[in-house]
$ cat start28.cif   # mmCIF, C-alpha atoms and all ligand atoms
data_data
#
loop_
_atom_site.label_atom_id
_atom_site.label_comp_id
_atom_site.auth_asym_id
_atom_site.auth_seq_id
_atom_site.Cartn_x
_atom_site.Cartn_y
_atom_site.Cartn_z
CA MET A 1 0.00 0.00 0.00
CA SER A 2 1.30 3.45 -0.85
CA THR A 3 0.46 7.07 -0.17
CA LEU A 4 -0.34 9.31 -3.13
CA ALA A 5 -1.37 12.95 -3.51
CA LEU A 6 -3.96 13.84 -6.16
CA THR A 7 -5.12 17.28 -7.32
CA GLY A 8 -8.54 17.81 -8.89
CA CYS A 9 -9.87 14.87 -6.86
CA ALA A 10 -13.42 16.26 -6.54
CA SER A 11 -14.56 15.88 -10.15
CA GLY A 12 -14.16 14.17 -13.50
CA ILE A 13 -10.87 12.41 -14.24
CA GLY A 14 -9.49 13.19 -10.78
CA ALA A 15 -12.52 11.71 -9.03
CA ALA A 16 -12.36 8.57 -11.18
CA THR A 17 -8.63 8.27 -10.44
CA ARG A 18 -9.28 8.67 -6.72
CA THR A 19 -11.91 5.90 -6.81
CA ALA A 20 -9.59 3.55 -8.72
CA LEU A 21 -6.61 4.23 -6.45
CA LEU A 22 -8.71 3.68 -3.32
CA ALA A 23 -10.05 0.42 -4.78
CA ALA A 24 -6.44 -0.68 -5.36
CA GLY A 25 -5.75 -0.15 -1.66
CA HIS A 26 -3.77 3.10 -1.77
CA THR A 27 -4.00 5.97 0.70
CA ILE A 28 -5.01 9.17 -1.09
CA ILE A 29 -4.40 12.77 -0.07
CA GLY A 30 -6.93 14.63 -2.23
CA ILE A 31 -6.55 18.31 -3.09
CA ASP A 32 -9.26 20.48 -4.61
CA ARG A 33 -10.94 23.83 -4.15
CA HIS A 34 -13.63 22.49 -1.80
CA GLY A 35 -14.56 19.30 -0.02
CA ALA A 36 -11.18 17.54 -0.33
CA ASP A 37 -8.69 16.32 2.29
CA ILE A 38 -6.85 19.55 1.53
CA ASP A 39 -8.83 22.54 0.25
CA ALA A 40 -6.49 24.80 -1.72
CA ASP A 41 -6.68 27.24 -4.62
CA LEU A 42 -3.98 26.31 -7.11
CA SER A 43 -4.53 29.49 -9.15
CA ASN A 44 -2.14 31.58 -7.04
CA PRO A 45 1.32 31.16 -5.47
CA ALA A 46 0.03 31.29 -1.87
CA GLY A 47 -2.57 28.59 -2.53
CA ARG A 48 -0.02 26.37 -4.24
CA ALA A 49 2.51 26.81 -1.41
CA ALA A 50 -0.22 26.01 1.13
CA ALA A 51 -1.16 22.87 -0.82
CA VAL A 52 2.47 21.67 -0.88
CA ALA A 53 2.90 22.37 2.85
CA ALA A 54 -0.35 20.59 3.74
CA VAL A 55 0.56 17.52 1.66
CA LEU A 56 4.01 17.34 3.29
CA GLU A 57 2.44 17.57 6.72
CA ARG A 58 -0.14 14.85 5.99
CA CYS A 59 2.31 12.42 4.37
CA GLY A 60 5.10 13.03 6.89
CA GLY A 61 7.44 14.07 4.08
CA VAL A 62 7.20 10.72 2.25
CA LEU A 63 5.06 10.25 -0.91
CA ASP A 64 4.92 7.22 -3.20
CA GLY A 65 2.95 8.89 -5.97
CA LEU A 66 1.56 12.16 -7.28
CA VAL A 67 -1.23 12.74 -9.81
CA LEU A 68 -1.90 16.29 -11.02
CA CYS A 69 -5.39 16.42 -12.59
CA ALA A 70 -6.66 19.85 -11.53
CA GLY A 71 -7.25 22.02 -14.55
CA LEU A 72 -9.58 24.53 -16.19
CA GLY A 73 -11.12 24.44 -19.68
CA ALA A 74 -10.85 27.01 -22.47
CA HIS A 75 -14.27 28.44 -21.57
CA VAL A 76 -13.15 29.75 -18.15
CA GLU A 77 -12.68 33.50 -17.74
CA PRO A 78 -10.30 35.20 -17.46
CA PRO A 79 -7.86 33.19 -19.61
CA SER A 80 -5.04 34.07 -17.19
CA LEU A 81 -6.75 31.84 -14.60
CA VAL A 82 -6.54 28.91 -17.00
CA VAL A 83 -2.82 29.50 -17.48
CA SER A 84 -2.19 29.78 -13.73
CA VAL A 85 -3.98 26.54 -12.79
CA ASN A 86 -2.99 24.43 -15.81
CA TYR A 87 0.71 25.40 -15.80
CA PHE A 88 1.81 26.74 -12.41
CA GLY A 89 -0.65 24.48 -10.57
CA VAL A 90 1.45 21.64 -12.00
CA THR A 91 5.05 22.88 -12.05
CA GLU A 92 5.03 24.28 -8.51
CA LEU A 93 3.54 21.09 -7.07
CA LEU A 94 6.00 18.92 -9.00
CA ASP A 95 8.96 20.89 -7.72
CA GLY A 96 7.59 21.27 -4.20
CA LEU A 97 6.81 17.57 -3.78
CA LEU A 98 9.83 15.98 -5.51
CA PRO A 99 11.82 15.69 -2.25
CA ALA A 100 8.93 13.74 -0.66
CA LEU A 101 8.66 11.51 -3.75
CA GLN A 102 12.42 10.81 -3.56
CA ARG A 103 11.83 9.40 -0.10
CA GLY A 104 8.96 7.21 -1.37
CA ARG A 105 8.97 3.63 -2.62
CA ASP A 106 9.24 3.21 -6.45
CA ALA A 107 7.69 6.66 -6.68
CA ALA A 108 6.08 8.02 -9.84
CA ALA A 109 4.11 11.10 -10.88
CA VAL A 110 1.54 11.62 -13.63
CA VAL A 111 0.42 14.97 -15.03
CA VAL A 112 -2.86 15.22 -16.94
CA SER A 113 -2.08 17.35 -20.01
CA SER A 114 -4.30 17.17 -23.11
CA VAL A 115 -4.28 16.23 -26.76
CA ALA A 116 -4.60 20.03 -27.18
CA SER A 117 -0.92 20.22 -26.15
CA THR A 118 0.00 19.60 -29.80
CA GLN A 119 -2.25 22.33 -31.22
CA LEU A 120 0.20 25.11 -30.38
CA PRO A 121 3.64 23.53 -30.81
CA TRP A 122 6.38 25.02 -28.60
CA ALA A 123 7.96 26.99 -31.47
CA ARG A 124 4.61 28.69 -32.17
CA ASN A 125 3.29 28.83 -28.61
CA PRO A 126 2.87 32.52 -27.69
CA LEU A 127 3.06 31.62 -23.97
CA ALA A 128 6.25 29.55 -24.21
CA ALA A 129 8.86 32.17 -23.36
CA ALA A 130 6.92 33.71 -20.47
CA LEU A 131 6.06 30.33 -18.96
CA GLU A 132 9.60 29.02 -19.25
CA ARG A 133 10.92 31.99 -17.29
CA GLY A 134 8.17 31.55 -14.69
CA ASP A 135 6.45 34.84 -15.54
CA GLU A 136 2.88 34.09 -14.43
CA ALA A 137 1.63 37.68 -14.83
CA GLY A 138 3.26 38.02 -18.26
CA ALA A 139 1.85 34.76 -19.61
CA GLY A 140 -1.60 35.60 -18.22
CA ALA A 141 -1.48 39.03 -19.85
CA ILE A 142 -0.64 37.54 -23.26
CA ALA A 143 -3.67 35.23 -23.00
CA CYS A 144 -5.97 38.00 -21.81
CA GLN A 145 -4.88 40.34 -24.62
CA ALA A 146 -5.63 37.72 -27.31
CA GLY A 147 -9.29 38.72 -27.52
CA ALA A 148 -11.62 36.00 -28.81
CA ARG A 149 -8.66 33.61 -29.18
CA GLY A 150 -7.71 34.01 -25.52
CA GLY A 151 -9.47 30.92 -24.19
CA HIS A 152 -8.02 28.58 -26.81
CA LEU A 153 -4.58 30.15 -26.48
CA ALA A 154 -4.64 29.83 -22.69
CA TYR A 155 -5.75 26.18 -22.80
CA ALA A 156 -3.67 24.81 -25.70
CA GLY A 157 -0.69 27.02 -24.80
CA SER A 158 -0.67 26.01 -21.12
CA LYS A 159 -1.10 22.32 -21.97
CA ASN A 160 1.73 22.45 -24.54
CA ALA A 161 3.98 24.16 -22.00
CA VAL A 162 3.12 21.77 -19.19
CA THR A 163 4.01 18.77 -21.37
CA VAL A 164 7.31 20.48 -22.22
CA ALA A 165 7.88 21.22 -18.52
CA VAL A 166 7.47 17.52 -17.72
CA ARG A 167 9.78 16.43 -20.53
CA ARG A 168 12.41 18.99 -19.46
CA ARG A 169 12.39 17.38 -15.99
CA ALA A 170 13.02 13.86 -17.33
CA ALA A 171 16.79 14.01 -16.71
CA SER A 172 16.69 15.43 -13.19
CA TRP A 173 13.72 13.28 -12.06
CA GLY A 174 15.29 10.18 -13.57
CA ALA A 175 18.48 10.90 -11.62
CA ALA A 176 16.32 11.40 -8.53
CA GLY A 177 14.76 7.97 -9.05
CA VAL A 178 11.21 9.25 -9.63
CA ARG A 179 9.36 8.53 -12.88
CA LEU A 180 7.34 11.36 -14.41
CA ASN A 181 4.94 11.17 -17.39
CA THR A 182 1.94 12.93 -18.89
CA VAL A 183 -1.39 11.59 -20.09
CA ALA A 184 -2.98 13.45 -23.01
CA PRO A 185 -6.72 12.76 -23.11
CA GLY A 186 -9.03 13.65 -25.97
CA ALA A 187 -12.65 14.54 -25.14
CA VAL A 188 -13.69 12.98 -21.82
CA ALA A 189 -17.25 13.08 -20.45
CA THR A 190 -16.71 15.35 -17.42
CA PRO A 191 -18.16 18.65 -16.16
CA LEU A 192 -15.25 20.44 -17.92
CA LEU A 193 -16.27 19.05 -21.32
CA ARG A 194 -19.96 19.71 -20.58
CA ALA A 195 -19.19 23.38 -19.86
CA GLY A 196 -17.26 23.64 -23.13
CA LEU A 197 -20.14 22.07 -25.09
CA ASP A 198 -22.59 24.47 -23.44
CA ASP A 199 -20.47 27.54 -24.22
CA PRO A 200 -21.66 29.29 -27.40
CA ARG A 201 -18.05 30.20 -28.27
CA PHE A 202 -16.72 26.62 -28.20
CA GLY A 203 -19.67 24.21 -28.30
CA GLN A 204 -20.10 23.83 -32.05
CA ALA A 205 -16.38 23.33 -32.70
CA ILE A 206 -16.20 20.60 -30.05
CA ARG A 207 -19.32 18.89 -31.50
CA ASP A 208 -17.99 19.14 -35.09
CA PHE A 209 -14.74 17.40 -34.20
CA VAL A 210 -15.46 13.69 -34.10
CA ALA A 211 -12.70 11.27 -33.09
CA PRO A 212 -12.13 8.04 -35.08
CA ILE A 213 -13.58 6.26 -32.04
CA ALA A 214 -16.71 8.37 -32.26
CA ARG A 215 -17.62 8.91 -28.63
CA HIS A 216 -16.31 10.68 -25.57
CA ALA A 217 -14.02 8.78 -23.22
CA ARG A 218 -15.26 7.77 -19.80
CA PRO A 219 -13.17 9.29 -16.99
CA GLU A 220 -12.39 5.73 -15.85
CA GLU A 221 -10.59 5.10 -19.17
CA ILE A 222 -8.15 7.93 -18.37
CA ALA A 223 -7.83 6.79 -14.75
CA ALA A 224 -6.82 3.32 -16.00
CA MET A 225 -3.86 4.81 -17.90
CA ILE A 226 -2.87 6.90 -14.87
CA LEU A 227 -2.87 3.81 -12.64
CA PHE A 228 -0.80 1.90 -15.20
CA LEU A 229 1.78 4.72 -15.33
CA LEU A 230 2.02 4.78 -11.54
CA GLY A 231 2.52 1.04 -11.27
CA PRO A 232 5.42 -1.42 -11.59
CA ASP A 233 4.53 -2.53 -15.14
CA ALA A 234 5.40 1.01 -16.31
CA GLY A 235 8.83 0.91 -14.65
CA PHE A 236 10.73 1.95 -17.82
CA ILE A 237 8.24 4.60 -19.00
CA HIS A 238 9.61 8.04 -18.17
CA GLY A 239 9.29 11.48 -19.76
CA ALA A 240 6.59 10.15 -22.08
CA GLN A 241 3.22 11.54 -23.15
CA MET A 242 0.62 8.78 -23.34
CA VAL A 243 -2.18 9.80 -25.73
CA VAL A 244 -5.65 8.48 -24.82
CA ASP A 245 -7.76 10.24 -27.41
CA GLY A 246 -9.81 7.81 -29.51
CA GLY A 247 -7.47 8.42 -32.46
CA VAL A 248 -7.60 12.24 -32.65
CA ASP A 249 -3.82 12.68 -32.74
CA ALA A 250 -3.44 10.07 -35.49
CA LEU A 251 -6.24 11.74 -37.45
CA THR A 252 -4.85 15.28 -37.21
CA ARG A 253 -1.09 14.62 -37.25
CA PRO A 254 -0.49 11.24 -38.92
CA THR A 255 3.15 12.02 -39.77
CA GLU A 256 4.17 13.49 -36.39
CA PHE A 257 4.86 11.33 -33.37
N1 LIG B 1 -12.60 16.49 -20.02
C1 LIG B 1 -11.85 16.56 -21.12
O1 LIG B 1 -12.37 16.45 -22.25
C2 LIG B 1 -10.36 16.74 -20.99
C3 LIG B 1 -9.57 16.55 -22.14
C4 LIG B 1 -8.21 16.70 -22.07
C5 LIG B 1 -7.62 17.05 -20.86
N2 LIG B 1 -8.41 17.23 -19.75
C6 LIG B 1 -7.72 17.63 -18.51
O2 LIG B 1 -8.04 16.71 -17.48
C7 LIG B 1 -7.92 17.37 -16.22
C8 LIG B 1 -9.16 17.07 -15.39
O3 LIG B 1 -10.26 17.65 -16.08
P1 LIG B 1 -11.77 17.12 -15.96
O4 LIG B 1 -12.27 17.02 -17.34
O5 LIG B 1 -11.81 15.97 -15.05
O6 LIG B 1 -12.44 18.43 -15.34
P2 LIG B 1 -13.35 18.67 -14.05
O7 LIG B 1 -13.78 20.08 -14.17
O8 LIG B 1 -14.35 17.60 -13.92
O9 LIG B 1 -12.31 18.52 -12.84
C9 LIG B 1 -11.27 19.44 -12.65
C10 LIG B 1 -11.00 19.58 -11.17
O10 LIG B 1 -9.94 20.57 -10.99
C11 LIG B 1 -10.30 21.37 -9.89
N3 LIG B 1 -9.70 22.70 -9.97
C12 LIG B 1 -9.91 23.64 -10.92
N4 LIG B 1 -9.31 24.78 -10.58
C13 LIG B 1 -8.71 24.56 -9.39
C14 LIG B 1 -7.96 25.39 -8.51
N5 LIG B 1 -7.74 26.69 -8.77
N6 LIG B 1 -7.48 24.85 -7.37
C15 LIG B 1 -7.75 23.54 -7.06
N7 LIG B 1 -8.46 22.73 -7.86
C16 LIG B 1 -8.94 23.24 -9.00
C17 LIG B 1 -11.83 21.49 -9.99
O11 LIG B 1 -12.40 21.94 -8.77
C18 LIG B 1 -12.24 20.10 -10.39
O12 LIG B 1 -12.50 19.27 -9.28
C19 LIG B 1 -7.71 18.85 -16.53
O13 LIG B 1 -6.35 19.17 -16.39
C20 LIG B 1 -8.16 18.97 -17.97
O14 LIG B 1 -7.52 20.02 -18.66
C21 LIG B 1 -9.75 17.09 -19.79
#
$ encode --input "start28.cif" --output "structure tokens"
Amino acid sequence: MSTLALTGCASGIGAATRTALLAAGHTIIGIDRHGADIDADLSNPAGRAAAVAAVLERCGGVLDGLVLCAGLGAHVEPPSLVVSVNYFGVTELLDGLLPALQRGRDAAAVVVSSVASTQLPWARNPLAAALERGDEAGAGAIACQAGARGGHLAYAGSKNAVTVAVRRRAASWGAAGVRLNTVAPGAVATPLLRAGLDDPRFGQAIRDFVAPIARHARPEEIAAMILFLLGPDAGFIHGAQMVVDGGVDALTRPTEF
């Protein structure tokens, strides 16, 4: 039995992951805005620092796993909030909790990115430079000044950058003995997707885009990949992005992998 911390545990993919991890006998320290073991707002530095401190206190400084699911969709206003949660809500928890993971047993971490991470490749990602230098206000301002494109830019740009941030940590985390990977879901039936479908700015585009496997994923199908990545059968998988998207990536980028 191991002890794992999990953000976004109250809903959607995070809730399904929590259920699956509990069923597998693990101890979970859940983090979310309300109603979790640790209530914290990951959209600002103080909330993120409080979340890290509370996890360290609860786990006694030793963690066997970390799953970062908390995130906001492209419909959320202002776009700077999306950037803060989706990027800094991941990188600051990764860096703050690595020492505890190093003390854990066969420790591993999984970050939930998105298939949208490939829509704004790093070289064309307007947020890349600001995010890489840790400029939260600057990156948020770029997204907010993008007008009608702001939501898409904030979501795809933050997801691209968070996948890059994970891959850039592969060397140091490997040396530290902690595996770190991302999962990139396509459309998953959760409240986040529902809000996007209901938003007049995004709904039609989401409906028009049909994956080769023409349905939405169930949150449990993403949780299954997360559990696999955390477990011993994934012992040589590190720095990878596992796409769970019903074939969207193959459809849109058949020659890039
Ligand atoms: N649903 C999809 O189609 C889809 C597709 C690709 C990627 N994803 C990603 O999967 C992850 C989980 O999304 P979901 O679809 O389960 O959404 P969801 O809205 O059901 O769950 C997200 C959770 O994150 C929490 N959260 C949001 N802002 C927070 C903050 N400031 N502080 C603390 N917690 C916060 C929410 O309270 C919620 O419990 C997200 O990172 C999302 O970008 C979702």
$ closest_residue --input "start28.cif" --among "A:Val178, A:Val85, A:Leu127, A:Ala189" --to "Ser11 in chain A" --atoms "only C-alpha atoms"
A:Ala189
$ closest_atom_pairs --input "start28.cif" --of "chain A" --to "ligand LIG 1 (chain B)" --cutoff "6 Å" --atoms "only C-alpha atoms and all ligand atoms" --output "JSON lines"
{"residue": "A:Gly8", "atom": "CA", "partner": "B:LIG1", "partner_atom": "O10", "distance": 3.7}
{"residue": "A:Cys9", "atom": "CA", "partner": "B:LIG1", "partner_atom": "O12", "distance": 5.7}
{"residue": "A:Ala10", "atom": "CA", "partner": "B:LIG1", "partner_atom": "O12", "distance": 4.2}
{"residue": "A:Ser11", "atom": "CA", "partner": "B:LIG1", "partner_atom": "O12", "distance": 4.1}
{"residue": "A:Gly12", "atom": "CA", "partner": "B:LIG1", "partner_atom": "O5", "distance": 3.3}
{"residue": "A:Ile13", "atom": "CA", "partner": "B:LIG1", "partner_atom": "O5", "distance": 3.8}
{"residue": "A:Gly14", "atom": "CA", "partner": "B:LIG1", "partner_atom": "O5", "distance": 5.6}
{"residue": "A:Asp32", "atom": "CA", "partner": "B:LIG1", "partner_atom": "N7", "distance": 4.0}
{"residue": "A:Arg33", "atom": "CA", "partner": "B:LIG1", "partner_atom": "C15", "distance": 4.3}
{"residue": "A:Ala40", "atom": "CA", "partner": "B:LIG1", "partner_atom": "C15", "distance": 5.6}
{"residue": "A:Asp41", "atom": "CA", "partner": "B:LIG1", "partner_atom": "N6", "distance": 3.7}
{"residue": "A:Leu42", "atom": "CA", "partner": "B:LIG1", "partner_atom": "N6", "distance": 3.8}
{"residue": "A:Ser43", "atom": "CA", "partner": "B:LIG1", "partner_atom": "N5", "distance": 4.3}
{"residue": "A:Cys69", "atom": "CA", "partner": "B:LIG1", "partner_atom": "C7", "distance": 4.5}
{"residue": "A:Ala70", "atom": "CA", "partner": "B:LIG1", "partner_atom": "O10", "distance": 3.4}
{"residue": "A:Gly71", "atom": "CA", "partner": "B:LIG1", "partner_atom": "O13", "distance": 3.5}
{"residue": "A:Leu72", "atom": "CA", "partner": "B:LIG1", "partner_atom": "C12", "distance": 5.4}
{"residue": "A:Gly73", "atom": "CA", "partner": "B:LIG1", "partner_atom": "O14", "distance": 5.8}
{"residue": "A:Val85", "atom": "CA", "partner": "B:LIG1", "partner_atom": "N5", "distance": 5.5}
{"residue": "A:Val112", "atom": "CA", "partner": "B:LIG1", "partner_atom": "O13", "distance": 5.3}
{"residue": "A:Ser113", "atom": "CA", "partner": "B:LIG1", "partner_atom": "C5", "distance": 5.6}
{"residue": "A:Ser114", "atom": "CA", "partner": "B:LIG1", "partner_atom": "C5", "distance": 4.0}
{"residue": "A:Pro185", "atom": "CA", "partner": "B:LIG1", "partner_atom": "C4", "distance": 4.3}
{"residue": "A:Gly186", "atom": "CA", "partner": "B:LIG1", "partner_atom": "C3", "distance": 4.8}
{"residue": "A:Ala187", "atom": "CA", "partner": "B:LIG1", "partner_atom": "O1", "distance": 3.5}
{"residue": "A:Val188", "atom": "CA", "partner": "B:LIG1", "partner_atom": "O1", "distance": 3.7}
{"residue": "A:Ala189", "atom": "CA", "partner": "B:LIG1", "partner_atom": "N1", "distance": 5.8}
{"residue": "A:Thr190", "atom": "CA", "partner": "B:LIG1", "partner_atom": "O4", "distance": 4.7}
{"residue": "A:Pro191", "atom": "CA", "partner": "B:LIG1", "partner_atom": "O8", "distance": 4.5}
{"residue": "A:Leu192", "atom": "CA", "partner": "B:LIG1", "partner_atom": "O7", "distance": 4.0}
{"residue": "A:Leu193", "atom": "CA", "partner": "B:LIG1", "partner_atom": "N1", "distance": 4.7}
$ write_last_selection --input "start28.cif" --atoms "C-alpha atoms" --output "short mmCIF file (atom, residue, chain, number, x, y, z; two decimals), in the frame of the given file"
data_model
loop_
_atom_site.label_atom_id
_atom_site.label_comp_id
_atom_site.auth_asym_id
_atom_site.auth_seq_id
_atom_site.Cartn_x
_atom_site.Cartn_y
_atom_site.Cartn_z
CA GLY A 8 -8.54 17.81 -8.89
CA CYS A 9 -9.87 14.87 -6.86
CA ALA A 10 -13.42 16.26 -6.54
CA SER A 11 -14.56 15.88 -10.15
CA GLY A 12 -14.16 14.17 -13.50
CA ILE A 13 -10.87 12.41 -14.24
CA GLY A 14 -9.49 13.19 -10.78
CA ASP A 32 -9.26 20.48 -4.61
CA ARG A 33 -10.94 23.83 -4.15
CA ALA A 40 -6.49 24.80 -1.72
CA ASP A 41 -6.68 27.24 -4.62
CA LEU A 42 -3.98 26.31 -7.11
CA SER A 43 -4.53 29.49 -9.15
CA CYS A 69 -5.39 16.42 -12.59
CA ALA A 70 -6.66 19.85 -11.53
CA GLY A 71 -7.25 22.02 -14.55
CA LEU A 72 -9.58 24.53 -16.19
CA GLY A 73 -11.12 24.44 -19.68
CA VAL A 85 -3.98 26.54 -12.79
CA VAL A 112 -2.86 15.22 -16.94
CA SER A 113 -2.08 17.35 -20.01
CA SER A 114 -4.30 17.17 -23.11
CA PRO A 185 -6.72 12.76 -23.11
CA GLY A 186 -9.03 13.65 -25.97
CA ALA A 187 -12.65 14.54 -25.14
CA VAL A 188 -13.69 12.98 -21.82
CA ALA A 189 -17.25 13.08 -20.45
CA THR A 190 -16.71 15.35 -17.42
CA PRO A 191 -18.16 18.65 -16.16
CA LEU A 192 -15.25 20.44 -17.92
CA LEU A 193 -16.27 19.05 -21.32
#
$ atom_distance --input "start28.cif" --atom1 "CA of Val76 in chain A" --atom2 "CA of Gly151 in chain A"
7.2 Å
$ residues_around --input "start28.cif" --residues "Asn125 in chain A" --least-positions-apart "3" --cutoff "12 Å" --atoms "all atoms listed in the file" --output "VMD selection string"
chain A and resid 116 to 122 128 to 132 139 142 to 143 152 to 162 164
$ atom_distance --input "start28.cif" --atom1 "CA of Arg48 in chain A" --atom2 "CA of Gly96 in chain A"
9.2 Å
$ atom_distance --input "start28.cif" --atom1 "CA of Asp37 in chain A" --atom2 "CA of Ala51 in chain A"
10.5 Å
$ residues_near_point --input "start28.cif" --point "(-18.5, 20.9, -30.6)" --cutoff "12 Å" --atoms "all atoms listed in the file" --output "ChimeraX atom specification"
/A:187,193-211,216
$ closest_residue --input "start28.cif" --among "A:Ile28, A:Ala5, A:Val83, A:Ile213" --to "Gly150 in chain A" --atoms "only C-alpha atoms"
A:Val83
